Amino acid sequence: MMAQQPLFPTPAKVQNGKGSFVIGKNLQVQGNGGYADKLAAALPAELKEAGLQSSPASGTIRLELTNDCKMADEAYTLVVEPNSILLQASSEAGLFYAKEALLQLSRFGKGNVRACKIQDQPRYGWRGFMLDESRHFFGKEKVKQYLDIMASLRLNVFHWHLTDEPGWRIEIKRYPKLTTEGAVGNWHDPKAPATFYTQEEIKEIVAYAADRHIMVVPEFDMPGHATAVCRSYPEISGGGEGKWQHFTFHPCKEETFEFISNVLDEIVALFPSPYIHIGGDEVHYGNQSWFTDPEIQQFIKDKNLGNETGLEQYFIRRAADLVAAKGKKMIGWDEIIEGGLSPTATVMWWRSWVKDAPQKTTQQGNPIIFSPNSQFYLDYQQDKNSVRNIYDLDLTIEGATPEQQGLIKGVQGNIWCEWIPSRERMQYMAIPRLLAIAELGWSQASQKDWNTFAQRLANQFERLNIMGINYRIPDLEGFHRNNAFIGE
Ligand code: ACM
C-alpha cells in the first residue's frame, strides 16, 4: 500500500505521484500578484523554519489566486512535481490553506515533499475553538500561540469568552470600572490583580487572527454570568444568592439595556466579525431575586410575560434587537431556543442532554453550531475514548430535510478554564481532542475511518513536538509501534 500523505486534517482527494520536490537553497517562489505575492514573499522563511535543506536544489513554487477554475470558499489545490509546486485557490483563505498544507508536508519530509496532487475543501465553514479567559487570564502571547495551532489545523473561528463571573477581560472606555474593578480576580483568587485586554491588544489579536484566516467572535454573556459587570456597576445587578450573588443583569431596568447597548458599540468597533455571541446560558443559577423582587414581579405582570422564564426570553429578545441594531448577527447558547428564535439567530448547541435542540433550531430555519458538552468540552476529563467519541459523532439530525441538515454551520470545541490556570494544562486538555474536532469539521463524512484516522493522528505528534505544544498522549491502538519514549 502506498504510504499516506501526512497532511492533517485529511484532505478531500490525494493522488500520489512519482519522485519528490526538494526544498533547496536555490528555490524560487512566485505569486500571481496581490495576496499571492504576499504569501510568496513570506514562504521562504517559513520553509526554512520547517526544515529547508542545505541542498542546492532549485525548483519553483508558484502561488495563484485564480478564478479560472472557480473553487469553493476555502478550497485549494496543491500539485507537487519533482521540479515545481503549484498552489491554487479562488479565495485568499484557500490559498493560505494550500500554503499551510505545503508547510506541513515539508516539515514531515524534512525538506522533501513527495510528488502528489491534492484537491481539498472543508466540509463545514465553521470550525471553531472557544477559550474562556474570565476564569483564568492567559494573555496575548498564549492566545497567539493558540491561533497558530488553530491555523495549522485549519480551524477558522476563535470564540473568545471574555466576560463571566470571576472577571471582565476587555477594556470598555465608557465604563472604566469594568476593568478597574471587574477585571480583578480569577477563579482561584478573587483578589488577583486586574488582568484584561486593552482595546489596542484586542485589535492586535484580531489582526493576528485575520492574517491566519481566523474570525474572532467575542462573547458578552447575559443575562446570567454577568457577575463581574454587576460587581462593578451594582445599579444594574439583578441580584442572585449564595455563591451566585450578582449573577444576572437587572432584567427590567432600561439602564441595563442602555449599558449593554453602549458596551456593544465598543465591542462592535473592535471585532469585524458579523457575529456577536450573547451567551444566554444557565440563567437559573442566579436569578432567585427575579422570583421575589416586587419590581420585577410587577414587570412580569405588566408585560404579560407569564413567569420568570418569560422574562428571561424577553431579555434575550431585547439583546437580539440590540445586536441586530448594531448590524450584527446574534449567536447564543441553546437555551435561547426556548423563547423562540429571532430569524438571524445562530444557536450554539452545548447541552448534550437536550437532544432535540438541533431539530428545534433547524425546524425554525435557524443555523446551528455543534458543540455538545459530552464530546466537545475540552476541559472535561479525558479517557481512552475521548478522541474517538468526537470523531464518531454523527452530525446528521434525525428527521431533518436536506435544507435543515444544511443549517449545520459546523463544529466547535470549548475549553472552560475554572481548573485550567496554565498554558501547559490548557494545551494538555485541548490536544489531541482539538485535532479530532478539526478533522470532523474539515474532512468529508465519506472519508471516515477510525483506524486510518488513529494512525494519522499518531503521525501528528512529531509536528506538535516541533511546535513546542504540550499534549496528552492518547491511548491509541498502534501508537507504540511507531513512537518510543527515550526520556530526552
Ligand atoms: C455553558 O457551558 N454554560 C455554555
# chains A, B, ... in the order shown; residues from 1 in each chain; ligands from 1
call {"tool": "residues_near_ligand", "arguments": {"ligand": "ligand 1", "cutoff": "6 Å", "atoms": "only C-alpha atoms and all ligand atoms", "output": "count of residues only"}}
result
4
call {"tool": "residues_around", "arguments": {"residues": "Gly125 in chain A", "least_positions_apart": "6", "cutoff": "10 Å", "atoms": "only C-alpha atoms", "output": "JSON, numbers by chain"}}
result
{"A": [73, 74, 155, 156, 157, 408, 409, 410, 411, 441, 442]}
call {"tool": "write_last_selection", "arguments": {"atoms": "N, CA, C and O atoms", "output": "compact mmCIF listing (two decimals), in the first residue's frame"}}
result
# COMPACT_ATOMS: atom_id res chain seq x y z
N ASP A 73 -15.31 28.28 -1.50
CA ASP A 73 -14.64 29.08 -0.50
C ASP A 73 -13.74 28.16 0.34
O ASP A 73 -14.17 27.07 0.74
N GLU A 74 -12.52 28.57 0.56
CA GLU A 74 -11.53 27.85 1.38
C GLU A 74 -10.92 26.62 0.68
O GLU A 74 -10.05 25.97 1.22
N LEU A 155 -8.59 25.43 11.58
CA LEU A 155 -9.72 25.92 12.37
C LEU A 155 -9.85 27.40 12.08
O LEU A 155 -8.84 28.12 12.01
N ASN A 156 -11.08 27.88 11.92
CA ASN A 156 -11.21 29.25 11.41
C ASN A 156 -12.07 30.19 12.25
O ASN A 156 -12.34 31.31 11.81
N VAL A 157 -12.52 29.74 13.43
CA VAL A 157 -13.28 30.66 14.30
C VAL A 157 -12.72 30.58 15.72
O VAL A 157 -12.66 29.49 16.32
N ILE A 408 -26.55 23.15 9.54
CA ILE A 408 -25.42 22.92 10.46
C ILE A 408 -24.24 23.71 9.92
O ILE A 408 -23.72 23.43 8.84
N LYS A 409 -23.83 24.72 10.68
CA LYS A 409 -22.70 25.55 10.21
C LYS A 409 -21.36 24.87 10.46
O LYS A 409 -20.40 25.15 9.78
N GLY A 410 -21.32 24.03 11.50
CA GLY A 410 -20.06 23.36 11.78
C GLY A 410 -19.93 22.94 13.22
O GLY A 410 -20.95 22.74 13.90
N VAL A 411 -18.69 22.85 13.66
CA VAL A 411 -18.40 22.26 14.98
C VAL A 411 -17.45 23.17 15.75
O VAL A 411 -16.73 23.98 15.16
N GLY A 441 -14.63 18.76 11.43
CA GLY A 441 -15.10 19.97 10.75
C GLY A 441 -14.61 20.07 9.31
O GLY A 441 -15.28 20.64 8.46
N TRP A 442 -13.43 19.53 9.04
CA TRP A 442 -12.84 19.72 7.70
C TRP A 442 -13.12 18.55 6.76
O TRP A 442 -13.49 18.74 5.59
call {"tool": "select_by_dssp", "arguments": {"residues": "range 378-433 of chain A", "states": "strand (DSSP E)", "output": "ChimeraX atom specification"}}
result
/A:408-415
call {"tool": "residues_around", "arguments": {"residues": "range 40-49 of chain A", "least_positions_apart": "6", "cutoff": "12 Å", "atoms": "only C-alpha atoms", "output": "NGL selection string"}}
result
:A and (22-34 or 60-65 or 86-87 or 95-96 or 98-113 or 466-467)
call {"tool": "write_last_selection", "arguments": {"atoms": "N, CA and C atoms", "output": "CSV table (one decimal), in the first residue's frame"}}
result
chain,number,residue,atom,x,y,z
A,22,VAL,N,12.5,18.8,-3.7
A,22,VAL,CA,13.4,19.1,-2.6
A,22,VAL,C,13.4,20.6,-2.4
A,23,ILE,N,13.2,20.9,-1.2
A,23,ILE,CA,13.2,22.4,-0.8
A,23,ILE,C,14.7,22.7,-0.6
A,24,GLY,N,15.2,23.4,-1.6
A,24,GLY,CA,16.7,23.7,-1.6
A,24,GLY,C,17.0,25.2,-1.6
A,25,LYS,N,18.3,25.4,-1.5
A,25,LYS,CA,18.7,26.8,-1.3
A,25,LYS,C,18.4,27.7,-2.5
A,26,ASN,N,18.3,27.1,-3.7
A,26,ASN,CA,18.1,28.0,-4.9
A,26,ASN,C,16.6,28.0,-5.4
A,27,LEU,N,15.8,27.7,-4.4
A,27,LEU,CA,14.3,27.7,-4.7
A,27,LEU,C,13.8,29.1,-5.1
A,28,GLN,N,12.9,29.0,-6.0
A,28,GLN,CA,12.2,30.3,-6.4
A,28,GLN,C,10.8,30.2,-6.0
A,29,VAL,N,10.3,31.3,-5.4
A,29,VAL,CA,8.9,31.3,-5.0
A,29,VAL,C,8.2,32.5,-5.7
A,30,GLN,N,7.1,32.3,-6.4
A,30,GLN,CA,6.4,33.4,-7.1
A,30,GLN,C,4.9,33.4,-6.8
A,31,GLY,N,4.3,34.6,-6.8
A,31,GLY,CA,2.9,34.7,-6.7
A,31,GLY,C,2.3,35.2,-8.0
A,32,ASN,N,1.0,35.3,-8.2
A,32,ASN,CA,0.5,35.9,-9.4
A,32,ASN,C,-0.1,37.3,-9.0
A,33,GLY,N,0.5,38.0,-8.1
A,33,GLY,CA,0.0,39.3,-7.7
A,33,GLY,C,-0.7,39.3,-6.4
A,34,GLY,N,-0.9,40.6,-5.8
A,34,GLY,CA,-1.7,40.8,-4.6
A,34,GLY,C,-1.4,39.8,-3.5
A,60,THR,N,10.7,25.5,-8.5
A,60,THR,CA,9.9,26.7,-8.4
A,60,THR,C,8.6,26.4,-7.7
A,61,ILE,N,8.3,27.3,-6.8
A,61,ILE,CA,7.0,27.2,-6.1
A,61,ILE,C,6.1,28.4,-6.6
A,62,ARG,N,4.9,28.1,-7.1
A,62,ARG,CA,4.1,29.2,-7.6
A,62,ARG,C,2.7,29.2,-6.9
A,63,LEU,N,2.3,30.4,-6.4
A,63,LEU,CA,1.1,30.5,-5.7
A,63,LEU,C,0.1,31.4,-6.6
A,64,GLU,N,-1.1,30.9,-6.9
A,64,GLU,CA,-2.0,31.6,-7.7
A,64,GLU,C,-3.4,31.7,-7.1
A,65,LEU,N,-3.8,33.0,-7.0
A,65,LEU,CA,-5.2,33.2,-6.6
A,65,LEU,C,-5.9,33.4,-8.0
A,86,LEU,N,2.7,23.8,-7.5
A,86,LEU,CA,1.7,24.9,-7.8
A,86,LEU,C,0.6,24.8,-6.8
A,87,LEU,N,0.4,26.0,-6.2
A,87,LEU,CA,-0.7,26.2,-5.2
A,87,LEU,C,-1.8,27.1,-5.8
A,95,LEU,N,-5.9,29.8,-0.6
A,95,LEU,CA,-4.5,29.9,-0.9
A,95,LEU,C,-3.7,29.7,0.4
A,96,PHE,N,-4.2,30.4,1.5
A,96,PHE,CA,-3.5,30.3,2.7
A,96,PHE,C,-3.4,28.8,3.2
A,98,ALA,N,-3.6,26.2,1.3
A,98,ALA,CA,-2.7,25.5,0.4
A,98,ALA,C,-1.2,25.6,0.9
A,99,LYS,N,-0.9,26.9,1.3
A,99,LYS,CA,0.4,27.2,1.8
A,99,LYS,C,0.7,26.4,3.2
A,100,GLU,N,-0.3,26.4,4.0
A,100,GLU,CA,-0.2,25.6,5.3
A,100,GLU,C,0.0,24.1,5.0
A,101,ALA,N,-0.7,23.6,4.0
A,101,ALA,CA,-0.6,22.2,3.6
A,101,ALA,C,0.9,21.9,3.2
A,102,LEU,N,1.4,22.9,2.4
A,102,LEU,CA,2.8,22.7,1.9
A,102,LEU,C,3.8,22.7,3.0
A,103,LEU,N,3.5,23.6,4.0
A,103,LEU,CA,4.4,23.7,5.2
A,103,LEU,C,4.4,22.3,5.9
A,104,GLN,N,3.2,21.8,6.1
A,104,GLN,CA,3.0,20.6,6.8
A,104,GLN,C,3.8,19.5,6.1
A,105,LEU,N,3.6,19.4,4.8
A,105,LEU,CA,4.3,18.3,4.1
A,105,LEU,C,5.8,18.5,4.1
A,106,SER,N,6.3,19.7,4.1
A,106,SER,CA,7.7,20.0,4.2
A,106,SER,C,8.3,19.6,5.5
A,107,ARG,N,7.5,20.0,6.6
A,107,ARG,CA,8.0,19.6,7.9
A,107,ARG,C,8.2,18.1,8.0
A,108,PHE,N,7.1,17.4,7.6
A,108,PHE,CA,7.2,16.0,7.7
A,108,PHE,C,8.3,15.4,6.9
A,109,GLY,N,8.5,15.9,5.7
A,109,GLY,CA,9.6,15.3,4.9
A,109,GLY,C,10.9,15.9,5.2
A,110,LYS,N,11.0,16.8,6.1
A,110,LYS,CA,12.3,17.5,6.5
A,110,LYS,C,12.9,18.1,5.2
A,111,GLY,N,12.0,18.7,4.4
A,111,GLY,CA,12.5,19.4,3.2
A,111,GLY,C,12.2,18.6,1.9
A,112,ASN,N,11.8,17.4,2.1
A,112,ASN,CA,11.4,16.6,0.9
A,112,ASN,C,9.9,16.5,0.8
A,113,VAL,N,9.4,16.9,-0.3
A,113,VAL,CA,7.9,16.9,-0.4
A,113,VAL,C,7.6,15.9,-1.5
A,466,ILE,N,7.5,19.7,17.4
A,466,ILE,CA,8.3,20.8,16.8
A,466,ILE,C,7.7,22.1,17.1
A,467,MET,N,6.4,22.2,17.2
A,467,MET,CA,5.7,23.4,17.5
A,467,MET,C,5.8,23.8,19.0
call {"tool": "closest_residue", "arguments": {"among": "A:Val387, A:Ile260, A:Ile276, A:Leu270", "to": "Cys230 in chain A", "atoms": "only C-alpha atoms"}}
result
A:Ile260
call {"tool": "closest_residue", "arguments": {"among": "A:Lys329, A:His136, A:Lys243, A:Lys18", "to": "Arg114 in chain A", "atoms": "only C-alpha atoms"}}
result
A:Lys18
call {"tool": "residues_around", "arguments": {"residues": "range 174-191 of chain A", "least_positions_apart": "2", "cutoff": "10 Å", "atoms": "only C-alpha atoms", "output": "PyMOL selection string"}}
result
chain A and resi 133-137+163-172+193-198+227-233+259+262-263+266+417-421
call {"tool": "write_last_selection", "arguments": {"atoms": "N, CA and C atoms", "output": "tab-separated table (two decimals), in the first residue's frame"}}
result
chain	number	residue	atom	x	y	z
A	133	GLU	N	-11.36	33.12	29.09
A	133	GLU	CA	-10.30	33.85	29.81
A	133	GLU	C	-10.86	34.63	30.99
A	134	SER	N	-12.11	34.39	31.34
A	134	SER	CA	-12.64	35.03	32.54
A	134	SER	C	-12.15	34.28	33.77
A	135	ARG	N	-12.24	32.97	33.72
A	135	ARG	CA	-11.87	32.17	34.90
A	135	ARG	C	-10.37	32.25	35.17
A	136	HIS	N	-9.59	32.14	34.11
A	136	HIS	CA	-8.15	32.42	34.19
A	136	HIS	C	-7.75	33.19	32.94
A	137	PHE	N	-6.88	34.14	33.15
A	137	PHE	CA	-6.46	35.01	32.06
A	137	PHE	C	-5.10	34.53	31.56
A	163	THR	N	-16.12	37.48	29.24
A	163	THR	CA	-16.89	38.04	30.36
A	163	THR	C	-17.56	36.90	31.10
A	164	ASP	N	-17.45	36.93	32.42
A	164	ASP	CA	-18.14	35.89	33.21
A	164	ASP	C	-18.01	36.25	34.69
A	165	GLU	N	-18.20	35.27	35.58
A	165	GLU	CA	-18.25	35.62	37.00
A	165	GLU	C	-16.92	36.17	37.55
A	166	PRO	N	-15.82	35.45	37.42
A	166	PRO	CA	-14.62	35.92	38.14
A	166	PRO	C	-14.02	37.20	37.58
A	167	GLY	N	-14.17	37.47	36.28
A	167	GLY	CA	-13.52	38.66	35.75
A	167	GLY	C	-14.04	39.10	34.39
A	168	TRP	N	-14.01	40.41	34.19
A	168	TRP	CA	-14.35	41.03	32.90
A	168	TRP	C	-13.02	41.35	32.24
A	169	ARG	N	-12.79	40.94	31.00
A	169	ARG	CA	-11.42	40.97	30.46
A	169	ARG	C	-11.22	41.86	29.24
A	170	ILE	N	-12.11	42.83	29.02
A	170	ILE	CA	-11.92	43.67	27.85
A	170	ILE	C	-12.19	45.13	28.23
A	171	GLU	N	-11.23	45.97	27.86
A	171	GLU	CA	-11.36	47.39	28.18
A	171	GLU	C	-12.56	48.00	27.45
A	172	ILE	N	-13.42	48.66	28.22
A	172	ILE	CA	-14.55	49.41	27.64
A	172	ILE	C	-14.40	50.84	28.16
A	193	PRO	N	-4.58	40.61	40.98
A	193	PRO	CA	-4.57	41.91	40.30
A	193	PRO	C	-5.35	41.86	38.98
A	194	ALA	N	-5.89	43.01	38.61
A	194	ALA	CA	-6.73	43.08	37.39
A	194	ALA	C	-5.95	42.60	36.17
A	195	THR	N	-6.57	41.74	35.39
A	195	THR	CA	-5.98	41.32	34.11
A	195	THR	C	-7.06	41.43	33.04
A	196	PHE	N	-6.68	42.06	31.94
A	196	PHE	CA	-7.66	42.26	30.85
A	196	PHE	C	-6.90	42.68	29.60
A	197	TYR	N	-7.63	42.69	28.49
A	197	TYR	CA	-7.06	43.16	27.23
A	197	TYR	C	-7.44	44.63	27.01
A	198	THR	N	-6.45	45.43	26.69
A	198	THR	CA	-6.75	46.80	26.28
A	198	THR	C	-7.36	46.71	24.87
A	227	THR	N	-21.68	38.46	36.64
A	227	THR	CA	-21.22	38.84	37.97
A	227	THR	C	-20.16	39.95	37.97
A	228	ALA	N	-19.19	39.83	37.06
A	228	ALA	CA	-18.11	40.82	37.08
A	228	ALA	C	-18.63	42.21	36.71
A	229	VAL	N	-19.61	42.27	35.83
A	229	VAL	CA	-20.22	43.56	35.48
A	229	VAL	C	-20.97	44.10	36.68
A	230	CYS	N	-21.81	43.24	37.26
A	230	CYS	CA	-22.73	43.72	38.31
A	230	CYS	C	-21.97	44.09	39.59
A	231	ARG	N	-20.83	43.47	39.79
A	231	ARG	CA	-19.95	43.87	40.90
A	231	ARG	C	-19.46	45.30	40.68
A	232	SER	N	-19.17	45.62	39.42
A	232	SER	CA	-18.61	46.93	39.10
A	232	SER	C	-19.69	48.00	39.04
A	233	TYR	N	-20.86	47.63	38.56
A	233	TYR	CA	-21.98	48.58	38.42
A	233	TYR	C	-23.22	47.98	39.08
A	259	PHE	N	-26.81	50.23	29.09
A	259	PHE	CA	-25.44	49.79	29.37
A	259	PHE	C	-24.99	48.77	28.31
A	262	ASN	N	-24.36	50.38	24.98
A	262	ASN	CA	-23.12	51.16	24.93
A	262	ASN	C	-21.89	50.26	24.87
A	263	VAL	N	-21.92	49.18	25.64
A	263	VAL	CA	-20.78	48.25	25.62
A	263	VAL	C	-20.68	47.61	24.24
A	266	GLU	N	-18.80	49.55	21.62
A	266	GLU	CA	-17.33	49.45	21.63
A	266	GLU	C	-16.87	48.07	21.14
A	417	CYS	N	-12.15	27.40	31.75
A	417	CYS	CA	-10.85	27.39	32.43
A	417	CYS	C	-10.91	27.55	33.95
A	418	GLU	N	-12.00	27.08	34.57
A	418	GLU	CA	-12.03	27.11	36.03
A	418	GLU	C	-10.81	26.39	36.60
A	419	TRP	N	-10.52	25.23	36.05
A	419	TRP	CA	-9.47	24.36	36.60
A	419	TRP	C	-8.25	24.35	35.71
A	420	ILE	N	-8.13	25.37	34.88
A	420	ILE	CA	-7.02	25.39	33.92
A	420	ILE	C	-6.28	26.71	34.07
A	421	PRO	N	-5.29	26.75	34.97
A	421	PRO	CA	-4.61	28.01	35.22
A	421	PRO	C	-3.39	28.26	34.34
call {"tool": "atom_distance", "arguments": {"atom1": "CA of Leu264 in chain A", "atom2": "CA of Lys303 in chain A"}}
result
25.3 Å
call {"tool": "residues_around", "arguments": {"residues": "Val206 in chain A", "least_positions_apart": "4", "cutoff": "8 Å", "atoms": "only C-alpha atoms", "output": "number ranges by chain"}}
result
A: 202, 210, 215-216, 271
call {"tool": "closest_residue", "arguments": {"among": "A:Gln444, A:Gln460, A:Ser273, A:Gln199", "to": "Pro11 in chain A", "atoms": "only C-alpha atoms"}}
result
A:Gln444
call {"tool": "closest_atom_pairs", "arguments": {"of": "range 347-452 of chain A", "to": "range 335-341 of chain A", "cutoff": "12 Å", "atoms": "only C-alpha atoms", "output": "Markdown table"}}
result
| residue | atom | partner | partner_atom | distance |
| --- | --- | --- | --- | --- |
| A:Val347 | CA | A:Ile336 | CA | 7.4 |
| A:Met348 | CA | A:Glu335 | CA | 9.1 |
| A:Trp349 | CA | A:Glu335 | CA | 8.6 |
| A:Trp350 | CA | A:Glu335 | CA | 9.1 |
| A:Arg351 | CA | A:Glu335 | CA | 8.6 |
| A:Ser352 | CA | A:Glu335 | CA | 12.0 |
| A:Val354 | CA | A:Glu335 | CA | 9.5 |
| A:Asp356 | CA | A:Ile337 | CA | 10.6 |
| A:Ala357 | CA | A:Ile337 | CA | 7.6 |
| A:Pro358 | CA | A:Ile337 | CA | 9.8 |
| A:Gln359 | CA | A:Ile337 | CA | 10.6 |
| A:Lys360 | CA | A:Ile337 | CA | 7.4 |
| A:Thr361 | CA | A:Ile337 | CA | 6.7 |
| A:Thr362 | CA | A:Ile337 | CA | 10.4 |
| A:Gln363 | CA | A:Leu341 | CA | 10.8 |
| A:Gln364 | CA | A:Leu341 | CA | 7.5 |
| A:Gly365 | CA | A:Leu341 | CA | 9.3 |
| A:Asn366 | CA | A:Leu341 | CA | 7.6 |
| A:Pro367 | CA | A:Leu341 | CA | 10.5 |
| A:Ile368 | CA | A:Ile337 | CA | 10.7 |
call {"tool": "write_last_selection", "arguments": {"atoms": "N, CA, C and O atoms", "output": "tab-separated table (two decimals), in the first residue's frame"}}
result
chain	number	residue	atom	x	y	z
A	347	VAL	N	-27.68	29.21	16.79
A	347	VAL	CA	-27.68	28.51	18.08
A	347	VAL	C	-26.38	27.72	18.22
A	347	VAL	O	-25.94	27.04	17.28
A	348	MET	N	-25.79	27.84	19.40
A	348	MET	CA	-24.62	27.00	19.70
A	348	MET	C	-25.09	25.93	20.68
A	348	MET	O	-25.44	26.24	21.83
A	349	TRP	N	-25.15	24.72	20.18
A	349	TRP	CA	-25.70	23.61	20.98
A	349	TRP	C	-24.63	23.07	21.92
A	349	TRP	O	-23.63	22.55	21.45
A	350	TRP	N	-24.86	23.23	23.23
A	350	TRP	CA	-23.88	22.72	24.20
A	350	TRP	C	-24.46	21.66	25.11
A	350	TRP	O	-23.74	20.80	25.57
A	351	ARG	N	-25.80	21.73	25.36
A	351	ARG	CA	-26.38	20.80	26.34
A	351	ARG	C	-26.68	19.47	25.66
A	351	ARG	O	-27.75	19.29	25.09
A	352	SER	N	-25.73	18.54	25.76
A	352	SER	CA	-25.90	17.24	25.11
A	352	SER	C	-27.21	16.58	25.50
A	352	SER	O	-27.80	15.84	24.72
A	354	VAL	N	-30.02	17.92	25.96
A	354	VAL	CA	-31.20	18.46	25.25
A	354	VAL	C	-31.09	17.98	23.80
A	354	VAL	O	-30.60	18.67	22.92
A	356	ASP	N	-33.07	17.30	21.42
A	356	ASP	CA	-33.82	17.81	20.27
A	356	ASP	C	-33.44	19.24	19.90
A	356	ASP	O	-34.08	19.84	19.03
A	357	ALA	N	-32.40	19.78	20.53
A	357	ALA	CA	-32.00	21.18	20.20
A	357	ALA	C	-31.71	21.34	18.70
A	357	ALA	O	-32.18	22.33	18.09
A	358	PRO	N	-30.99	20.42	18.06
A	358	PRO	CA	-30.75	20.61	16.61
A	358	PRO	C	-32.05	20.59	15.80
A	358	PRO	O	-32.21	21.40	14.88
A	359	GLN	N	-32.97	19.67	16.14
A	359	GLN	CA	-34.25	19.64	15.41
A	359	GLN	C	-35.00	20.95	15.58
A	359	GLN	O	-35.47	21.56	14.62
A	360	LYS	N	-35.11	21.38	16.85
A	360	LYS	CA	-35.90	22.57	17.13
A	360	LYS	C	-35.31	23.80	16.43
A	360	LYS	O	-36.04	24.66	15.96
A	361	THR	N	-34.00	23.88	16.42
A	361	THR	CA	-33.34	25.03	15.78
A	361	THR	C	-33.58	25.02	14.29
A	361	THR	O	-34.01	26.02	13.70
A	362	THR	N	-33.32	23.88	13.67
A	362	THR	CA	-33.36	23.86	12.21
A	362	THR	C	-34.80	23.86	11.69
A	362	THR	O	-35.06	24.36	10.60
A	363	GLN	N	-35.74	23.34	12.50
A	363	GLN	CA	-37.15	23.43	12.07
A	363	GLN	C	-37.62	24.88	12.01
A	363	GLN	O	-38.53	25.22	11.27
A	364	GLN	N	-36.98	25.73	12.81
A	364	GLN	CA	-37.33	27.16	12.73
A	364	GLN	C	-36.52	27.88	11.65
A	364	GLN	O	-36.61	29.09	11.51
A	365	GLY	N	-35.68	27.12	10.97
A	365	GLY	CA	-34.90	27.70	9.87
A	365	GLY	C	-33.63	28.42	10.34
A	365	GLY	O	-33.03	29.18	9.58
A	366	ASN	N	-33.21	28.15	11.58
A	366	ASN	CA	-32.02	28.85	12.10
A	366	ASN	C	-30.78	27.95	12.02
A	366	ASN	O	-30.87	26.73	12.19
A	367	PRO	N	-29.64	28.55	11.80
A	367	PRO	CA	-28.39	27.77	11.77
A	367	PRO	C	-27.97	27.29	13.16
A	367	PRO	O	-28.31	27.92	14.17
A	368	ILE	N	-27.17	26.23	13.17
A	368	ILE	CA	-26.71	25.67	14.45
A	368	ILE	C	-25.24	25.27	14.35
A	368	ILE	O	-24.77	24.83	13.29
call {"tool": "select_by_dssp", "arguments": {"residues": "range 38-158 of chain A", "states": "alpha helix (DSSP H)", "output": "JSON, numbers by chain"}}
result
{"A": [38, 39, 40, 41, 42, 43, 44, 45, 46, 47, 48, 49, 50, 51, 92, 93, 94, 95, 96, 97, 98, 99, 100, 101, 102, 103, 104, 105, 106, 107, 108, 109, 140, 141, 142, 143, 144, 145, 146, 147, 148, 149, 150, 151, 152]}
call {"tool": "closest_residue", "arguments": {"among": "A:Phe299, A:Tyr391, A:Tyr35, A:Tyr275", "to": "Glu254 in chain A", "atoms": "only C-alpha atoms"}}
result
A:Phe299
call {"tool": "residues_around", "arguments": {"residues": "Arg388 in chain A", "least_positions_apart": "5", "cutoff": "9 Å", "atoms": "only C-alpha atoms", "output": "ChimeraX atom specification"}}
result
/A:393,433,436,450,454
call {"tool": "write_last_selection", "arguments": {"atoms": "C-alpha atoms", "output": "mmCIF file, in the first residue's frame"}}
result
data_model
loop_
_atom_site.group_PDB
_atom_site.id
_atom_site.type_symbol
_atom_site.label_atom_id
_atom_site.label_comp_id
_atom_site.auth_asym_id
_atom_site.auth_seq_id
_atom_site.Cartn_x
_atom_site.Cartn_y
_atom_site.Cartn_z
ATOM 1 C CA LEU A 393 -20.057 11.901 16.348
ATOM 2 C CA ARG A 433 -9.126 16.370 21.189
ATOM 3 C CA ALA A 436 -10.372 15.329 16.210
ATOM 4 C CA TRP A 450 -11.311 5.315 12.613
ATOM 5 C CA ALA A 454 -5.893 6.973 14.527
#
call {"tool": "residues_around", "arguments": {"residues": "Ala438 in chain A", "least_positions_apart": "6", "cutoff": "8 Å", "atoms": "only C-alpha atoms", "output": "MDAnalysis selection string"}}
result
chainID A and resid 9 127 153:155
call {"tool": "closest_residue", "arguments": {"among": "A:Cys252, A:Glu92, A:Val283, A:Phe257", "to": "Gln298 in chain A", "atoms": "only C-alpha atoms"}}
result
A:Cys252
call {"tool": "atom_distance", "arguments": {"atom1": "CA of Asn414 in chain A", "atom2": "CA of Phe129 in chain A"}}
result
5.7 Å
call {"tool": "decode", "arguments": {"residues": "range 93-118 of chain A", "atoms": "C-alpha atoms", "output": "short mmCIF file (atom, residue, chain, number, x, y, z; two decimals), in the first residue's frame"}}
result
data_model
loop_
_atom_site.label_atom_id
_atom_site.label_comp_id
_atom_site.auth_asym_id
_atom_site.auth_seq_id
_atom_site.Cartn_x
_atom_site.Cartn_y
_atom_site.Cartn_z
CA ALA A 93 -8.31 31.54 2.71
CA GLY A 94 -7.96 28.69 0.23
CA LEU A 95 -4.51 29.87 -0.88
CA PHE A 96 -3.49 30.25 2.75
CA TYR A 97 -4.57 26.66 3.44
CA ALA A 98 -2.65 25.45 0.40
CA LYS A 99 0.42 27.16 1.83
CA GLU A 100 -0.20 25.63 5.27
CA ALA A 101 -0.58 22.22 3.63
CA LEU A 102 2.77 22.67 1.87
CA LEU A 103 4.41 23.65 5.15
CA GLN A 104 3.03 20.56 6.84
CA LEU A 105 4.31 18.30 4.09
CA SER A 106 7.72 20.00 4.16
CA ARG A 107 8.00 19.63 7.91
CA PHE A 108 7.21 15.96 7.70
CA GLY A 109 9.58 15.32 4.87
CA LYS A 110 12.30 17.48 6.46
CA GLY A 111 12.50 19.41 3.23
CA ASN A 112 11.44 16.60 0.89
CA VAL A 113 7.91 16.85 -0.42
CA ARG A 114 6.63 13.76 -2.17
CA ALA A 115 5.00 14.32 -5.56
CA CYS A 116 1.22 14.44 -5.31
CA LYS A 117 -1.92 16.21 -6.39
CA ILE A 118 -4.19 17.37 -3.60
#
